[in-house]
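Written out below as structure tokens is the structure these notes cover.
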Amino acid sequence: MADHLLEVCDLSVEFHTAAGTVKAVQNVNWHLDRGETLAILGESGSGKSVSASAVMNLIDMPPGKITSGRILLNGQDMLKMTAEERRRINGAKIAMIFQDPLAHLNPVYSVGWQIAEAVVTHGGPKDKAKARALDLLRRVGIPEPELAMGKYPHQFSGGQRQRLMIAMALACKPDILIADEPTTALDVTVQAQVLALLEELQAETGMGLLLITHDLGVVAEIADRVVVMNGGCIVETGNAAEVYRNPAHPYTRKLIDAAPGKGAMPEERDRSGAPLLEAVKLQKHYGAFHALKGVDLTIMPGETVAVVGESGSGKSTLARAILRLDDPDSGSILYRGQDLMTMHPRELFGLRRDLQMVFQDPTQSLNPRMTVFQLIAEAWVIHPDILPKREWKARVAELLEKVGMKPEHARRYPHQFSGGQRQRIAIARALAMQPKLIVCDEAVSALDVSIQAQVIKLLDGLRREFGLSYLFIAHDLPVVRDFADRVIVMKSGQIVEEGPVRQIFDNPVQPYTQALLAASLDPDPEVQAARRIAREELQQRIPA
Amino acid sequence: MKTFIGKRALASAISLVGLVILVFFLSRLTGDPTNLYLPLDASLEAREQFRELHGFNDPLIVQFARYVGDLLRGDFGQSIRQARPAMEVVLEAFTWTLWLAFITMTLVTVAAIIIGSLAAFKVGGIFDRIATFFSLVGASAPDFWLAIVAIVIFAVNLHWLPTSGTGTALHWVLPVAVLFIRPFGLILQVVRGSMITVLSSAYVKTARAKGVRTRPIIFVHGLRNAMLPVITVIGDQAAAILNGAVVIETIFGFPGIGKLMIDSILLRDFSVVLAAIMVSALAIFIMNLLIDLAYAALDPRIRY
């Protein structure tokens, strides 16, 4: 047997829950060699994280149970080891970083302590552990590392926190680093930096890197080989570029086809005539933080305007300000010429039905104690003139069919649906008001790629059918490219660049927009390689 | 931090003034205590003299003004019953209660944290089930009944411990044991619940991925995060004892502030009632301040 660094053979894991047994992964095989980057690609529920959790002994048993297989580290079966032997491997030989670094760092201990703990746990002397922690902070690029040692996780930005996690994982110079969706919660530019850091560190240490991701772009950027998972089984495995070019399995092909950013961009629209909504010089402060610094925005009837920018750029504040969910400090919002800011509250109440919102996380935006019928029909309880009560049932059924669901779903509760279905319910709820404008605040960001493509298609169809306008807040550029007519690029509460989608994507003028586009990941490894070169050139031109 | 303490002190001082005014007038509504102190056959002159001596003949507002004037000079008035300064009487009793609360709550806290944490580590395990059973029994048993049963068993039948009073260390055993049971059950449940949440958190997963041993996972990574809700309940329970564990102190003849307050109210010993209320109000203020400071000490995200 050829000895791989880490080899998972014939692994099957089940979870015994009240609802029955779930086969999380079935007869999974993969291996990882020194200096290699292997990506496990899959959508939510595909079981892509399960084998890594099994490697780290992080599966709670019960309810979990490993029903077959071996996990060989340098040829030794880890599943036959004692708990104490497994513990000594964790952190020392195999380390792991996770998706949400804020939740995964202990909030009440300083980061210096937490990094040093990894060293001390595996027998390192205390004084040297501190020096090592300081070294690592410097290596992963945390500014003012001496000061940072005594700081707490909440005092860092999202990207810095992931760097801290990486520093902690590398504390004992592990042979293998497992990264579970390490950049999913990060902005594109930060994502590119963190991936670059991982690559650098891998080249330095020669460790094997196992990357778990749902993002074809991340695979294209960093992986040597890829394992594609669906429904707990591996459907395809091979060289990353090869798999992208010649996907052997229909599921892989479907995933690649669903990746956004490949369609034809819409033609420029005629923007003459009266705008549907016009925001003028919107200002908003949160305490000392200046969130909106005089933002102007025009949306025409039937138009989709996308607002893109990194976290903290003010794009969500803008969305909330336009609907007066969070009143701006100054400026005006003209809806068909009437100023929402100076309007009588009763008039505003009447207008609210024209302006609806779909939020990012449907799990939170749908009341868990209301049935789908109640959620949708509530619109007509609030605005009784829309629809007489005897027609409610028929209309709910109609709306559900419109968003691709079934009329009998009306009796169920939100938790009985998947994430994509819940977002459809949220869209049906917005449609119940017969709105003119729907503000989508990261409405597809939390969804799997294939579901994302379906929801975008749905929104597009509804736009044609009802002549809707969208204000589409997003950080994901390829989605915007496929869906929007116009793009507004925001940075630090200001609009940096604005124009038709073709102009922004094909000829961006501002360096910030260029940087944003260069950092965004393409699912094609070849395109990605070209972009990487462009990005490096750009970095040399504009330092930070 | 200093401004925070200052603001809190000011807010507490204002409510204390309101409390003093309220208690002063309400207690006067219960009537004149003269007849409670003088023998049934005391002469009218004697009664009149008693009233004059204690100032009960003056209009209420004059009595109040005099009381406030005395307060400002640091004079809390005289105990009619014990014929010595009211504050002296109160502080003596309060010292007893303070010890009682301190010993009880220290034992409760240590026991509840250790047992609750271990129960949370293996939810549904045999240890968890036993701990949960006893804590629920403890939290729901009426303390006066427990006190009496304990006296019957350990003092009357077995003669191991004294029935009541103070004097030796053995006198403390029954009051502390009976006071222990209820807060122990309650705090154990809070520790367990809080710990279960914390132990399933993402940062505990990170600690496991780092290879941290089980004990530091529970008591270093888990406990400090789990302590915030626990501290609130500990403070609440300690305040309840400080406020006077009236029933327990009465049953065990324990000379604490609860017993003093009941006796003083029954005999309309107004100055003592007022002084006792001020002392326990101050104690609860300090208690709450300590809880707030403990919050900030435990969690770096909380800063005042």
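Ordered as shown in the structure tokens, chains take letters A, B, and onward, while each chain numbers its residues from 1 and ligands are numbered from 1 in the order shown.
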Counting only C-alpha atoms, which residues in chain B sit no more than 8 Å from chain A? For each one, give the nearest pair of atoms and the distance in Å, sorted by chain then residue number, as CSV.
```
residue,atom,partner,partner_atom,distance
B:Ser201,CA,A:Ala103,CA,7.7
B:Ala202,CA,A:His104,CA,4.7
B:Tyr203,CA,A:His104,CA,4.0
B:Val204,CA,A:His104,CA,7.6
B:Lys205,CA,A:Leu58,CA,7.2
B:Thr206,CA,A:His104,CA,5.9
B:Arg208,CA,A:Leu58,CA,7.3
B:Ala209,CA,A:Asn90,CA,5.4
B:Lys210,CA,A:Gly91,CA,4.1
B:Gly211,CA,A:Asn90,CA,4.6
B:Val212,CA,A:Thr121,CA,5.9
B:Arg213,CA,A:Arg87,CA,7.4
B:His221,CA,A:Asn106,CA,7.1
B:Arg224,CA,A:Val108,CA,7.4
B:Asn225,CA,A:Val108,CA,6.9
B:Leu298,CA,A:Val108,CA,6.9
B:Asp299,CA,A:Val108,CA,5.3
B:Pro300,CA,A:Val108,CA,5.9
B:Arg301,CA,A:His154,CA,7.3
```
| said: Need the shell around Lys122 in chain B: protein/DNA/RNA residues with any atom at most 12 Å away, counting only C-alpha atoms. Skip same-chain ones fewer than 5 positions apart. Format as a PyMOL selection string? | reply: (chain A and resi 60-62) or (chain B and resi 115-117+127-129+131+192+195-196+199-200+214+218)
Would you save the residues of that selection, restricted to N, CA, C and O atoms, as a PDB file, in the first residue's frame?
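Heads up, here's the output in result_30.pdb:
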```pdb
ATOM      1  N   ASP A  60     -19.991  13.940  17.667  1.00  0.00           N
ATOM      2  CA  ASP A  60     -20.543  13.512  18.948  1.00  0.00           C
ATOM      3  C   ASP A  60     -21.177  12.145  18.783  1.00  0.00           C
ATOM      4  O   ASP A  60     -22.047  11.941  17.940  1.00  0.00           O
ATOM      5  N   MET A  61     -20.709  11.215  19.599  1.00  0.00           N
ATOM      6  CA  MET A  61     -21.254   9.855  19.503  1.00  0.00           C
ATOM      7  C   MET A  61     -21.799   9.436  20.858  1.00  0.00           C
ATOM      8  O   MET A  61     -21.007   9.311  21.781  1.00  0.00           O
ATOM      9  N   PRO A  62     -23.090   9.166  21.020  1.00  0.00           N
ATOM     10  CA  PRO A  62     -24.165   9.430  20.085  1.00  0.00           C
ATOM     11  C   PRO A  62     -24.402  10.937  19.943  1.00  0.00           C
ATOM     12  O   PRO A  62     -23.916  11.678  20.766  1.00  0.00           O
TER      13      PRO A  62
ATOM     14  N   ILE B 115     -20.660  20.380  40.471  1.00  0.00           N
ATOM     15  CA  ILE B 115     -21.613  19.317  40.126  1.00  0.00           C
ATOM     16  C   ILE B 115     -22.370  19.671  38.841  1.00  0.00           C
ATOM     17  O   ILE B 115     -22.565  18.837  37.961  1.00  0.00           O
ATOM     18  N   GLY B 116     -22.779  20.941  38.710  1.00  0.00           N
ATOM     19  CA  GLY B 116     -23.519  21.357  37.514  1.00  0.00           C
ATOM     20  C   GLY B 116     -22.684  21.204  36.253  1.00  0.00           C
ATOM     21  O   GLY B 116     -23.181  20.745  35.217  1.00  0.00           O
ATOM     22  N   SER B 117     -21.398  21.565  36.316  1.00  0.00           N
ATOM     23  CA  SER B 117     -20.533  21.452  35.135  1.00  0.00           C
ATOM     24  C   SER B 117     -20.361  20.003  34.729  1.00  0.00           C
ATOM     25  O   SER B 117     -20.438  19.654  33.548  1.00  0.00           O
ATOM     26  N   PHE B 127     -24.745  10.455  36.327  1.00  0.00           N
ATOM     27  CA  PHE B 127     -24.393  11.553  37.217  1.00  0.00           C
ATOM     28  C   PHE B 127     -25.348  12.721  37.027  1.00  0.00           C
ATOM     29  O   PHE B 127     -25.852  13.317  37.977  1.00  0.00           O
ATOM     30  N   ASP B 128     -25.625  13.028  35.768  1.00  0.00           N
ATOM     31  CA  ASP B 128     -26.537  14.124  35.444  1.00  0.00           C
ATOM     32  C   ASP B 128     -27.925  13.858  36.023  1.00  0.00           C
ATOM     33  O   ASP B 128     -28.549  14.731  36.609  1.00  0.00           O
ATOM     34  N   ARG B 129     -28.379  12.624  35.883  1.00  0.00           N
ATOM     35  CA  ARG B 129     -29.732  12.312  36.354  1.00  0.00           C
ATOM     36  C   ARG B 129     -29.845  12.433  37.864  1.00  0.00           C
ATOM     37  O   ARG B 129     -30.815  12.980  38.383  1.00  0.00           O
ATOM     38  N   ALA B 131     -27.911  14.253  39.885  1.00  0.00           N
ATOM     39  CA  ALA B 131     -27.771  15.663  40.257  1.00  0.00           C
ATOM     40  C   ALA B 131     -29.068  16.416  39.980  1.00  0.00           C
ATOM     41  O   ALA B 131     -29.536  17.201  40.809  1.00  0.00           O
ATOM     42  N   ARG B 192     -25.874  24.094  35.006  1.00  0.00           N
ATOM     43  CA  ARG B 192     -25.995  22.984  34.064  1.00  0.00           C
ATOM     44  C   ARG B 192     -26.494  23.489  32.713  1.00  0.00           C
ATOM     45  O   ARG B 192     -25.906  23.196  31.668  1.00  0.00           O
ATOM     46  N   MET B 195     -23.964  25.739  31.011  1.00  0.00           N
ATOM     47  CA  MET B 195     -22.806  24.948  30.610  1.00  0.00           C
ATOM     48  C   MET B 195     -23.114  24.099  29.371  1.00  0.00           C
ATOM     49  O   MET B 195     -22.260  23.939  28.491  1.00  0.00           O
ATOM     50  N   ILE B 196     -24.331  23.565  29.285  1.00  0.00           N
ATOM     51  CA  ILE B 196     -24.699  22.754  28.118  1.00  0.00           C
ATOM     52  C   ILE B 196     -24.600  23.610  26.855  1.00  0.00           C
ATOM     53  O   ILE B 196     -24.050  23.196  25.840  1.00  0.00           O
ATOM     54  N   LEU B 199     -20.848  24.355  26.171  1.00  0.00           N
ATOM     55  CA  LEU B 199     -20.055  23.204  25.729  1.00  0.00           C
ATOM     56  C   LEU B 199     -20.389  22.782  24.299  1.00  0.00           C
ATOM     57  O   LEU B 199     -19.620  22.088  23.655  1.00  0.00           O
ATOM     58  N   SER B 200     -21.548  23.215  23.796  1.00  0.00           N
ATOM     59  CA  SER B 200     -21.847  22.894  22.397  1.00  0.00           C
ATOM     60  C   SER B 200     -21.460  24.050  21.482  1.00  0.00           C
ATOM     61  O   SER B 200     -21.795  24.050  20.305  1.00  0.00           O
ATOM     62  N   THR B 214      -9.901  17.322  28.508  1.00  0.00           N
ATOM     63  CA  THR B 214     -11.295  17.481  28.913  1.00  0.00           C
ATOM     64  C   THR B 214     -11.466  18.462  30.068  1.00  0.00           C
ATOM     65  O   THR B 214     -12.338  19.325  30.034  1.00  0.00           O
ATOM     66  N   ILE B 218     -13.760  21.971  30.142  1.00  0.00           N
ATOM     67  CA  ILE B 218     -14.911  22.293  30.989  1.00  0.00           C
ATOM     68  C   ILE B 218     -14.623  23.513  31.857  1.00  0.00           C
ATOM     69  O   ILE B 218     -15.382  24.477  31.862  1.00  0.00           O
TER      70      ILE B 218
END
```
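Non-sequential neighbours of range 498-509 of chain A (distance at most 9 Å, separation of 4 or more positions within a chain, only C-alpha atoms) are A:Met265, A:Pro266, A:Glu267, A:Glu268, A:Arg269, A:Ala306, A:Val480, A:Arg481, A:Asp482, A:Ala484, A:Asp485, A:Arg486, A:Val487, A:Ile488, A:Val489, A:Met490, A:Thr513, A:Gln514, A:Leu517.
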| task | Just the residues within 12 Å of Gln356 in chain A, please, counting only C-alpha atoms, with nothing from its chain fewer than 2 positions along; format it as a PyMOL selection string. | result | chain A and resi 319-320+322-325+351-354+358-359+379+426-441+468-471
| message | If DSSP is run on the backbone, what residues of range 2-219 of chain B are helix (DSSP H, G or I)? A reply as JSON, numbers by chain would be ideal. | response | {"B": [2, 3, 4, 5, 6, 7, 8, 9, 10, 11, 12, 13, 14, 15, 16, 17, 18, 19, 20, 21, 22, 23, 24, 25, 26, 27, 28, 29, 34, 35, 36, 37, 44, 45, 46, 47, 48, 49, 50, 51, 52, 53, 54, 60, 61, 62, 63, 64, 65, 66, 67, 68, 69, 70, 71, 72, 86, 87, 88, 89, 90, 91, 92, 93, 94, 95, 96, 97, 98, 99, 100, 101, 102, 103, 104, 105, 106, 107, 108, 109, 110, 111, 112, 113, 114, 115, 116, 117, 118, 119, 120, 121, 126, 127, 128, 129, 130, 131, 132, 133, 134, 135, 136, 137, 138, 139, 140, 143, 144, 145, 146, 147, 148, 149, 150, 151, 152, 153, 154, 155, 156, 157, 170, 171, 172, 173, 174, 175, 176, 177, 178, 179, 180, 181, 182, 183, 184, 185, 186, 187, 188, 189, 190, 191, 192, 193, 194, 195, 196, 197, 198, 199, 202, 203, 204, 205, 206, 207, 208, 209, 210, 214, 215, 216, 217, 218, 219]}
| Selection: 10 Å around His249 in chain A, only C-alpha atoms, excl. self and same-chain fewer than 3 positions, as a PyMOL selection string | chain A and resi 228+235-237+243+246+252-254
Taking N, CA, C and O atoms for each residue, export the selection above as a PDB file, in the first residue's frame.
```pdb
ATOM      1  N   VAL A 228     -15.701  15.767  -5.333  1.00  0.00           N
ATOM      2  CA  VAL A 228     -17.043  16.349  -5.389  1.00  0.00           C
ATOM      3  C   VAL A 228     -18.007  15.428  -4.655  1.00  0.00           C
ATOM      4  O   VAL A 228     -18.061  14.220  -4.934  1.00  0.00           O
ATOM      5  N   VAL A 235     -19.054  11.758  -5.844  1.00  0.00           N
ATOM      6  CA  VAL A 235     -19.501  11.497  -7.214  1.00  0.00           C
ATOM      7  C   VAL A 235     -18.349  11.590  -8.207  1.00  0.00           C
ATOM      8  O   VAL A 235     -18.405  11.016  -9.278  1.00  0.00           O
ATOM      9  N   GLU A 236     -17.317  12.344  -7.819  1.00  0.00           N
ATOM     10  CA  GLU A 236     -16.223  12.507  -8.760  1.00  0.00           C
ATOM     11  C   GLU A 236     -14.983  12.969  -8.014  1.00  0.00           C
ATOM     12  O   GLU A 236     -15.070  13.661  -7.016  1.00  0.00           O
ATOM     13  N   THR A 237     -13.841  12.549  -8.503  1.00  0.00           N
ATOM     14  CA  THR A 237     -12.607  13.016  -7.897  1.00  0.00           C
ATOM     15  C   THR A 237     -11.533  13.103  -8.956  1.00  0.00           C
ATOM     16  O   THR A 237     -11.534  12.329  -9.919  1.00  0.00           O
ATOM     17  N   VAL A 243     -11.271  18.317 -13.819  1.00  0.00           N
ATOM     18  CA  VAL A 243     -12.686  18.127 -13.454  1.00  0.00           C
ATOM     19  C   VAL A 243     -13.520  19.292 -13.981  1.00  0.00           C
ATOM     20  O   VAL A 243     -14.625  19.113 -14.469  1.00  0.00           O
ATOM     21  N   ASN A 246     -13.631  18.749 -17.963  1.00  0.00           N
ATOM     22  CA  ASN A 246     -14.387  17.568 -18.398  1.00  0.00           C
ATOM     23  C   ASN A 246     -15.087  16.896 -17.222  1.00  0.00           C
ATOM     24  O   ASN A 246     -14.666  15.835 -16.781  1.00  0.00           O
ATOM     25  N   THR A 252     -21.665  17.077 -11.124  1.00  0.00           N
ATOM     26  CA  THR A 252     -20.575  18.052 -11.243  1.00  0.00           C
ATOM     27  C   THR A 252     -20.887  19.046 -12.356  1.00  0.00           C
ATOM     28  O   THR A 252     -20.686  20.253 -12.207  1.00  0.00           O
ATOM     29  N   ARG A 253     -21.403  18.521 -13.452  1.00  0.00           N
ATOM     30  CA  ARG A 253     -21.735  19.394 -14.574  1.00  0.00           C
ATOM     31  C   ARG A 253     -22.799  20.398 -14.153  1.00  0.00           C
ATOM     32  O   ARG A 253     -22.722  21.583 -14.459  1.00  0.00           O
ATOM     33  N   LYS A 254     -23.766  19.916 -13.400  1.00  0.00           N
ATOM     34  CA  LYS A 254     -24.854  20.790 -12.925  1.00  0.00           C
ATOM     35  C   LYS A 254     -24.289  21.899 -12.034  1.00  0.00           C
ATOM     36  O   LYS A 254     -24.661  23.067 -12.168  1.00  0.00           O
TER      37      LYS A 254
END
```
| What's the 7 Å shell around range 527-534 of chain A, counting only C-alpha atoms, without same-chain residues fewer than 6 positions away, as a PyMOL selection string? | chain A and resi 220-221+518+521
Please produce a file of the residues just selected, as a PDB file, in the first residue's frame, where the atoms kept are N, CA and C atoms.
```pdb
ATOM      1  N   ALA A 220     -10.938  26.581  -7.763  1.00  0.00           N
ATOM      2  CA  ALA A 220     -10.143  27.007  -8.909  1.00  0.00           C
ATOM      3  C   ALA A 220      -8.904  27.764  -8.460  1.00  0.00           C
ATOM      4  N   GLU A 221      -9.032  28.538  -7.394  1.00  0.00           N
ATOM      5  CA  GLU A 221      -7.933  29.384  -6.940  1.00  0.00           C
ATOM      6  C   GLU A 221      -6.813  28.576  -6.294  1.00  0.00           C
ATOM      7  N   ALA A 518     -11.016  41.936  -9.483  1.00  0.00           N
ATOM      8  CA  ALA A 518      -9.856  41.043  -9.569  1.00  0.00           C
ATOM      9  C   ALA A 518      -9.872  40.037  -8.428  1.00  0.00           C
ATOM     10  N   LEU A 521     -13.660  35.425  -7.357  1.00  0.00           N
ATOM     11  CA  LEU A 521     -13.108  34.161  -7.851  1.00  0.00           C
ATOM     12  C   LEU A 521     -13.957  33.585  -8.976  1.00  0.00           C
TER      13      LEU A 521
END
```
| said: as JSON, numbers by chain, please: the residues near Ala291 in chain A (cut-off 6 Å, only C-alpha atoms, same-chain neighbours under 2 positions excluded). | reply: {"A": [284, 285, 289, 314, 493]}
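CA of Leu399 in chain A to CA of Ile376 in chain A spans 8.8 Å [interatomic distance, one decimal].
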| Shortest interatomic distance to Ala377 in chain A - which of A:Tyr512, A:Phe156, A:Phe483, A:Trp392, counting only C-alpha atoms | A:Trp392
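Note that DSSP on the backbone gives strand (DSSP E or B) to these residues of range 429-501 of chain A: Leu437, Ile438, Val439, Cys440, Asp441, Ser469, Tyr470, Leu471, Phe472, Ile473, Ala474, Arg486, Val487, Ile488, Val489, Met490, Lys491, Gln494, Ile495, Val496, Glu497, Glu498, Gly499 and Pro500 of chain A.
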Could you turn the residues from that selection into a file that holds C-alpha atoms, as a PDB file, in the first residue's frame?
```pdb
ATOM      1  CA  LEU A 437     -40.025  47.671  -5.678  1.00  0.00           C
ATOM      2  CA  ILE A 438     -38.436  44.783  -3.797  1.00  0.00           C
ATOM      3  CA  VAL A 439     -35.270  45.407  -1.867  1.00  0.00           C
ATOM      4  CA  CYS A 440     -33.233  42.196  -1.674  1.00  0.00           C
ATOM      5  CA  ASP A 441     -30.609  42.456   1.059  1.00  0.00           C
ATOM      6  CA  SER A 469     -37.964  46.887  -9.825  1.00  0.00           C
ATOM      7  CA  TYR A 470     -35.271  45.473  -7.579  1.00  0.00           C
ATOM      8  CA  LEU A 471     -32.692  47.044  -5.386  1.00  0.00           C
ATOM      9  CA  PHE A 472     -30.295  44.152  -5.099  1.00  0.00           C
ATOM     10  CA  ILE A 473     -27.744  44.352  -2.298  1.00  0.00           C
ATOM     11  CA  ALA A 474     -24.945  41.828  -2.746  1.00  0.00           C
ATOM     12  CA  ARG A 486     -27.089  48.812 -13.212  1.00  0.00           C
ATOM     13  CA  VAL A 487     -24.378  48.511 -10.609  1.00  0.00           C
ATOM     14  CA  ILE A 488     -23.473  50.866  -7.821  1.00  0.00           C
ATOM     15  CA  VAL A 489     -20.138  50.246  -6.089  1.00  0.00           C
ATOM     16  CA  MET A 490     -19.989  51.481  -2.501  1.00  0.00           C
ATOM     17  CA  LYS A 491     -17.061  52.002  -0.189  1.00  0.00           C
ATOM     18  CA  GLN A 494     -19.948  56.592  -0.478  1.00  0.00           C
ATOM     19  CA  ILE A 495     -20.631  55.635  -4.070  1.00  0.00           C
ATOM     20  CA  VAL A 496     -17.299  55.028  -5.800  1.00  0.00           C
ATOM     21  CA  GLU A 497     -18.558  54.107  -9.203  1.00  0.00           C
ATOM     22  CA  GLU A 498     -21.898  53.678 -10.897  1.00  0.00           C
ATOM     23  CA  GLY A 499     -23.009  52.549 -14.323  1.00  0.00           C
ATOM     24  CA  PRO A 500     -24.648  49.919 -16.523  1.00  0.00           C
TER      25      PRO A 500
END
```
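Taking CA of Leu366 in chain A as the reference point, CA of Arg424 in chain A is found at 11.1 Å.
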Using only C-alpha atoms, which residues of range 273-294 of chain B come within 12 Å of range 2-6 of chain B, and what is the closest atom pair for each, with the distance in Å to one decimal? Give it as a tab-separated table, sorted by chain and residue number.
```
residue	atom	partner	partner_atom	distance
B:Phe285	CA	B:Ile5	CA	10.7
B:Ile286	CA	B:Ile5	CA	10.2
B:Asn288	CA	B:Ile5	CA	10.8
B:Leu289	CA	B:Ile5	CA	7.5
B:Leu290	CA	B:Ile5	CA	10.3
B:Asp292	CA	B:Ile5	CA	9.6
B:Leu293	CA	B:Ile5	CA	9.4
```
Could you write out that same residue set with C-alpha atoms as a PDB file, in the first residue's frame?
```pdb
ATOM      1  CA  PHE B 285     -26.431  47.920  46.442  1.00  0.00           C
ATOM      2  CA  ILE B 286     -22.881  46.727  47.105  1.00  0.00           C
ATOM      3  CA  ASN B 288     -25.238  44.389  42.733  1.00  0.00           C
ATOM      4  CA  LEU B 289     -22.194  46.520  42.112  1.00  0.00           C
ATOM      5  CA  LEU B 290     -19.975  43.501  42.771  1.00  0.00           C
ATOM      6  CA  ASP B 292     -21.590  44.172  37.624  1.00  0.00           C
ATOM      7  CA  LEU B 293     -17.868  44.302  38.283  1.00  0.00           C
TER       8      LEU B 293
END
```
| note | Expressed in Å, the length from CA of Pro255 in chain B to CA of Val273 in chain B is 15.1 Å
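Considering the residues A:Ser445, A:Gln26, A:Ser365, A:Thr205 and counting only C-alpha atoms, Val50 in chain A has its shortest atom-to-atom contact with A:Gln26.
Proximity of B:Leu53, B:Thr163, B:Val89, B:Leu186 to Ala111 in chain B, computed with only C-alpha atoms, is greatest for B:Leu186.
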